[in-house]
file final-v1.cif (mmCIF, C-alpha atoms)
data_start
loop_
_atom_site.label_atom_id
_atom_site.label_comp_id
_atom_site.auth_asym_id
_atom_site.auth_seq_id
_atom_site.Cartn_x
_atom_site.Cartn_y
_atom_site.Cartn_z
CA PHE V 1 -55.68 -55.32 12.86
CA ALA V 2 -56.60 -53.70 9.53
CA ALA V 3 -53.05 -53.80 8.18
CA THR V 4 -53.27 -57.61 8.07
CA PHE V 5 -55.81 -57.43 5.24
CA PHE V 6 -53.32 -55.61 2.99
CA GLN V 7 -50.59 -58.24 3.26
CA GLU V 8 -49.88 -60.97 0.69
CA GLU V 9 -52.71 -63.29 1.81
CA GLY V 10 -54.86 -60.46 3.16
CA VAL V 11 -57.89 -61.06 0.96
CA MET V 12 -58.19 -64.63 2.25
CA ASP V 13 -57.88 -63.37 5.85
CA TYR V 14 -60.59 -60.79 5.18
CA ILE V 15 -62.97 -63.39 3.73
CA ALA V 16 -62.34 -65.71 6.70
CA TYR V 17 -62.93 -62.85 9.13
CA ARG V 18 -66.13 -61.68 7.41
CA ASN V 19 -67.62 -65.15 6.94
CA ASN V 20 -66.57 -66.94 10.12
CA GLY V 21 -65.24 -64.31 12.52
CA VAL V 22 -61.75 -65.79 12.31
CA MET V 23 -59.32 -63.18 13.62
CA PRO V 24 -56.38 -62.46 11.30
CA GLY V 25 -53.33 -64.52 12.15
CA SER V 26 -55.28 -67.28 13.89
CA ARG V 27 -55.65 -70.76 12.53
CA SER V 28 -59.03 -71.81 11.13
CA GLU V 29 -59.42 -74.56 13.77
CA ASP V 30 -59.24 -71.82 16.43
CA ALA V 31 -62.31 -70.11 14.93
CA LYS V 32 -64.71 -72.10 17.07
CA GLY V 33 -62.72 -71.74 20.27
CA GLU V 34 -60.11 -69.14 21.09
CA GLY V 35 -60.37 -67.18 17.83
CA ARG V 36 -63.81 -65.86 18.75
CA GLN V 37 -62.82 -64.51 22.16
CA ASN V 38 -62.02 -61.11 20.65
CA VAL V 39 -65.52 -59.95 19.81
CA ARG V 40 -65.44 -57.01 17.43
CA ASP V 41 -68.14 -54.88 15.82
CA LEU V 42 -68.26 -56.11 12.22
CA LYS V 43 -69.89 -52.99 10.81
CA GLN V 44 -67.25 -50.73 12.38
CA ASP V 45 -64.48 -53.00 11.12
CA VAL V 46 -65.79 -52.90 7.55
CA VAL V 47 -65.91 -49.11 7.56
CA PHE V 48 -62.48 -48.93 9.22
CA VAL V 49 -60.85 -51.24 6.65
CA ASP V 50 -62.51 -49.23 3.87
CA ARG V 51 -61.05 -46.01 5.30
CA ILE V 52 -57.59 -47.53 5.62
CA ALA V 53 -57.91 -48.70 1.99
CA ALA V 54 -58.73 -45.10 0.97
CA THR V 55 -55.62 -43.91 2.83
CA LEU V 56 -53.47 -46.51 1.10
CA GLU V 57 -54.93 -45.56 -2.29
CA ALA V 58 -54.08 -41.91 -1.62
CA LEU V 59 -50.51 -42.85 -0.72
CA CYS V 60 -50.20 -44.95 -3.89
CA ARG V 61 -51.60 -42.08 -5.93
CA ALA V 62 -49.09 -39.71 -4.31
CA GLU V 63 -46.26 -42.08 -5.21
CA PHE V 64 -47.42 -42.55 -8.80
CA THR V 65 -47.99 -38.83 -9.43
CA GLY V 66 -44.93 -37.67 -7.51
CA THR V 67 -46.85 -35.33 -5.19
CA MET V 68 -44.84 -36.46 -2.14
CA ARG V 69 -41.08 -36.27 -1.73
CA GLY V 70 -39.07 -39.12 -3.21
CA GLY V 71 -39.53 -42.28 -1.17
CA GLU V 72 -41.80 -40.63 1.42
CA ALA V 73 -44.97 -42.20 0.08
CA ASP V 74 -43.29 -45.61 -0.16
CA ALA V 75 -42.01 -45.42 3.41
CA LYS V 76 -45.42 -44.35 4.72
CA LEU V 77 -47.19 -47.03 2.67
CA GLN V 78 -45.02 -49.73 4.12
CA GLY V 79 -45.31 -48.23 7.60
CA LEU V 80 -49.10 -48.19 7.46
CA THR V 81 -49.29 -51.78 6.21
CA GLU V 82 -47.02 -52.77 9.11
CA GLY V 83 -49.33 -51.00 11.56
CA LEU V 84 -46.96 -48.10 12.25
CA VAL V 85 -49.24 -45.16 12.97
CA ASP V 86 -48.16 -42.34 15.23
CA PHE V 87 -51.05 -40.96 17.22
CA ARG V 88 -51.24 -39.47 20.66
CA PHE V 89 -53.72 -37.64 22.81
CA SER V 90 -53.35 -33.89 22.31
CA GLY V 91 -55.16 -33.08 25.53
CA PRO V 92 -57.29 -34.66 28.22
CA PRO V 93 -60.80 -35.83 27.31
CA GLU V 94 -63.44 -33.11 27.65
CA ARG V 95 -67.15 -33.38 28.23
CA ALA V 96 -69.28 -32.77 25.16
CA GLY V 97 -71.11 -29.45 25.23
CA GLY V 98 -74.62 -28.55 24.19
CA GLY V 99 -76.38 -31.02 26.45
CA GLN V 100 -74.95 -34.04 24.63
CA MET V 101 -73.59 -37.01 26.51
CA GLY V 102 -70.09 -38.31 25.97
CA SER V 103 -66.58 -37.01 25.74
CA ILE V 104 -64.53 -35.23 23.13
CA VAL V 105 -61.09 -36.74 22.59
CA THR V 106 -58.46 -34.82 20.61
CA VAL V 107 -55.81 -37.00 18.98
CA SER V 108 -52.94 -36.01 16.70
CA VAL V 109 -52.32 -38.50 13.90
CA ASN V 110 -49.43 -39.04 11.52
CA LEU V 111 -48.15 -41.78 9.28
CA ALA V 112 -44.98 -43.30 10.67
CA PRO V 113 -42.48 -44.13 7.92
CA ALA V 114 -40.94 -47.59 7.81
CA ARG V 115 -37.25 -48.22 7.48
CA ASP V 116 -35.72 -50.48 4.82
CA VAL V 117 -38.50 -49.89 2.31
CA GLN V 118 -39.15 -52.68 -0.18
CA GLU V 119 -38.74 -51.99 -3.85
CA ARG V 120 -41.90 -51.24 -5.80
CA ILE V 121 -44.01 -51.36 -2.62
CA ALA V 122 -46.58 -48.95 -4.10
CA ASP V 123 -47.27 -51.34 -6.99
CA LYS V 124 -47.71 -54.28 -4.60
CA ILE V 125 -49.95 -52.38 -2.19
CA ASP V 126 -52.03 -50.89 -5.00
CA THR V 127 -52.70 -54.37 -6.39
CA ARG V 128 -53.61 -55.70 -2.94
CA VAL V 129 -55.92 -52.75 -2.24
CA GLN V 130 -57.70 -53.16 -5.57
CA ASN V 131 -58.18 -56.90 -4.96
CA LEU V 132 -59.55 -56.27 -1.48
CA ARG V 133 -61.83 -53.49 -2.79
CA LYS V 134 -63.38 -55.98 -5.26
CA VAL V 135 -64.10 -58.46 -2.46
CA MET V 136 -65.45 -55.71 -0.20
CA ALA V 137 -67.72 -54.43 -2.98
CA GLN V 138 -69.43 -57.83 -3.04
CA MET V 139 -69.37 -58.78 0.65
CA ASP V 140 -69.92 -55.40 2.29
CA LYS V 141 -72.29 -53.66 -0.07
CA LYS V 142 -74.90 -52.99 2.63
CA TYR V 143 -72.31 -51.30 4.87
CA LEU V 144 -70.45 -49.31 2.22
CA ASP V 145 -73.38 -47.99 0.16
CA ARG V 146 -74.79 -45.92 3.00
CA PRO V 147 -74.58 -42.15 2.84
CA GLY V 148 -71.43 -40.87 4.53
CA SER V 149 -69.74 -44.25 4.73
CA LYS V 150 -67.57 -43.84 1.66
CA GLY V 151 -66.38 -40.42 0.63
CA ASP V 152 -66.50 -39.55 -3.05
CA ASP V 153 -64.05 -36.72 -2.44
CA ASP V 154 -61.30 -39.04 -1.13
CA LYS V 155 -59.22 -38.40 -4.24
CA ASP V 156 -58.79 -34.75 -3.26
CA LYS V 157 -57.74 -35.41 0.35
CA HIS V 158 -54.22 -35.76 1.70
CA PRO V 159 -53.34 -39.24 3.03
CA THR V 160 -52.94 -37.87 6.57
CA ALA V 161 -56.47 -36.41 6.46
CA LEU V 162 -57.81 -39.79 5.35
CA LEU V 163 -55.91 -41.51 8.15
CA ALA V 164 -57.37 -39.01 10.63
CA ARG V 165 -60.86 -39.87 9.38
CA ALA V 166 -60.12 -43.58 9.87
CA VAL V 167 -58.80 -43.01 13.39
CA ALA V 168 -61.80 -40.80 14.23
CA GLY V 169 -64.05 -43.79 13.54
CA LEU V 170 -62.41 -45.89 16.23
CA ASN V 171 -64.27 -46.61 19.46
CA TRP V 172 -62.39 -44.17 21.70
CA GLN V 173 -64.80 -44.53 24.61
CA GLN V 174 -64.05 -48.24 24.85
CA ALA V 175 -60.30 -47.53 24.63
CA LEU V 176 -60.52 -44.95 27.42
CA ASN V 177 -62.56 -47.33 29.58
CA ARG V 178 -59.94 -50.06 29.16
CA MET V 179 -57.13 -47.64 29.90
CA THR V 180 -58.73 -46.26 33.04
CA GLY V 181 -59.55 -49.76 34.22
CA ARG V 182 -55.94 -50.89 33.90
CA GLU V 183 -53.84 -47.85 34.69
CA GLY V 184 -56.04 -45.72 36.87
CA HIS V 185 -58.05 -42.59 36.25
CA ASP V 186 -55.16 -40.16 36.81
CA GLN V 187 -53.08 -41.70 34.04
CA ALA V 188 -55.92 -41.60 31.52
#

call {"tool": "encode", "arguments": {"input": "final-v1.cif", "output": "structure tokens"}}
result
Amino acid sequence: FAATFFQEEGVMDYIAYRNNGVMPGSRSEDAKGEGRQNVRDLKQDVVFVDRIAATLEALCRAEFTGTMRGGEADAKLQGLTEGLVDFRFSGPPERAGGGQMGSIVTVSVNLAPARDVQERIADKIDTRVQNLRKVMAQMDKKYLDRPGSKGDDDKDKHPTALLARAVAGLNWQQALNRMTGREGHDQA
């Protein structure tokens, strides 16, 4: 979902999604009908896209400064923009302790590298991220200016740590409910 906003026409898709609820990849005439069937939490999506942008910026920075092995940052950049993220449950869900309701889900996360990496992908992605950041600064100010929503220490974090933070913000309870509804409790 979020990777769509970092493609060539991603800024236009983001504006259409934010203004009209048009899902990425759907036609504008579908916005009133089928396009709105997938109801998403706008506030969560804004924070999620911001966190993915921080991850992409860290990967671009790693490529430009040479802090990752040759081609590794490029391959992971392209993989992330294609939606290739490797994450799996590390263990079964556990009940939260301390009298709190809910479950604790442990997930391992890694950036999956893409094959056949485009030339100068870091330059392209960096430009797209910066353009989207400008739009988000105007459209999503009320969501992104809250304490804890945007980390000032993102420049010091490894891209995998930033990706883990983005994945941690996903609605895992809803995902588990869907999985248990379809596949059965034993498989979840």

call {"tool": "residues_around", "arguments": {"input": "final-v1.cif", "residues": "Gln138 in chain V", "least_positions_apart": "6", "cutoff": "12 Å", "atoms": "only C-alpha atoms", "output": "PyMOL selection string"}}
result
chain V and resi 15+18+131-132+144-145

call {"tool": "closest_residue", "arguments": {"input": "final-v1.cif", "among": "V:Ala122, V:Pro93, V:Ile52, V:Met12", "to": "Gly66 in chain V", "atoms": "only C-alpha atoms"}}
result
V:Ala122

call {"tool": "resolve_selection", "arguments": {"input": "final-v1.cif", "expression": "the PyMOL selection byres ((chain V and resi 90) around 8)", "output": "CSV table (one decimal) with C-alpha atoms, in the coordinates of the input"}}
result
chain,number,residue,atom,x,y,z
V,88,ARG,CA,-51.2,-39.5,20.7
V,89,PHE,CA,-53.7,-37.6,22.8
V,91,GLY,CA,-55.2,-33.1,25.5
V,92,PRO,CA,-57.3,-34.7,28.2
V,106,THR,CA,-58.5,-34.8,20.6
V,107,VAL,CA,-55.8,-37.0,19.0
V,108,SER,CA,-52.9,-36.0,16.7

call {"tool": "resolve_selection", "arguments": {"input": "final-v1.cif", "expression": "the PyMOL selection byres ((chain V and resi 156) around 12)", "output": "list in words"}}
result
Ala54, Thr55, Glu57, Ala58, Leu59, Arg61, Ala62, Gly151, Asp152, Asp153, Asp154, Lys155, Lys157, His158, Pro159, Thr160, Ala161 and Leu162 of chain V

call {"tool": "closest_residue", "arguments": {"input": "final-v1.cif", "among": "V:Ile104, V:Met139, V:Val109, V:Ile125", "to": "Tyr17 in chain V", "atoms": "only C-alpha atoms"}}
result
V:Met139

call {"tool": "atom_distance", "arguments": {"input": "final-v1.cif", "atom1": "CA of Asn110 in chain V", "atom2": "CA of Pro24 in chain V"}}
result
24.4 Å

call {"tool": "resolve_selection", "arguments": {"input": "final-v1.cif", "expression": "the PyMOL selection byres ((chain V and resi 169) around 10)", "output": "list in words"}}
result
Gln44, Asp45, Val47, Phe48, Arg51, Ala164, Arg165, Ala166, Val167, Ala168, Leu170, Asn171 and Trp172 of chain V

call {"tool": "closest_residue", "arguments": {"input": "final-v1.cif", "among": "V:Leu84, V:Leu163, V:Asp140, V:Met68", "to": "Leu42 in chain V", "atoms": "only C-alpha atoms"}}
result
V:Asp140

call {"tool": "residues_around", "arguments": {"input": "final-v1.cif", "residues": "Thr127 in chain V", "least_positions_apart": "5", "cutoff": "12 Å", "atoms": "all atoms listed in the file", "output": "ChimeraX atom specification"}}
result
/V:6-8,10-11,53,56-57,60,120-122,132-134

call {"tool": "atom_distance", "arguments": {"input": "final-v1.cif", "atom1": "CA of Tyr143 in chain V", "atom2": "CA of Ala2 in chain V"}}
result
16.6 Å

call {"tool": "atom_distance", "arguments": {"input": "final-v1.cif", "atom1": "CA of Tyr14 in chain V", "atom2": "CA of Thr65 in chain V"}}
result
29.2 Å

call {"tool": "residues_around", "arguments": {"input": "final-v1.cif", "residues": "range 113-115 of chain V", "least_positions_apart": "5", "cutoff": "6 Å", "atoms": "only C-alpha atoms", "output": "CSV table (one decimal) with C-alpha atoms, keeping the file's coordinate frame"}}
result
chain,number,residue,atom,x,y,z
V,75,ALA,CA,-42.0,-45.4,3.4
V,76,LYS,CA,-45.4,-44.4,4.7
V,78,GLN,CA,-45.0,-49.7,4.1
V,79,GLY,CA,-45.3,-48.2,7.6
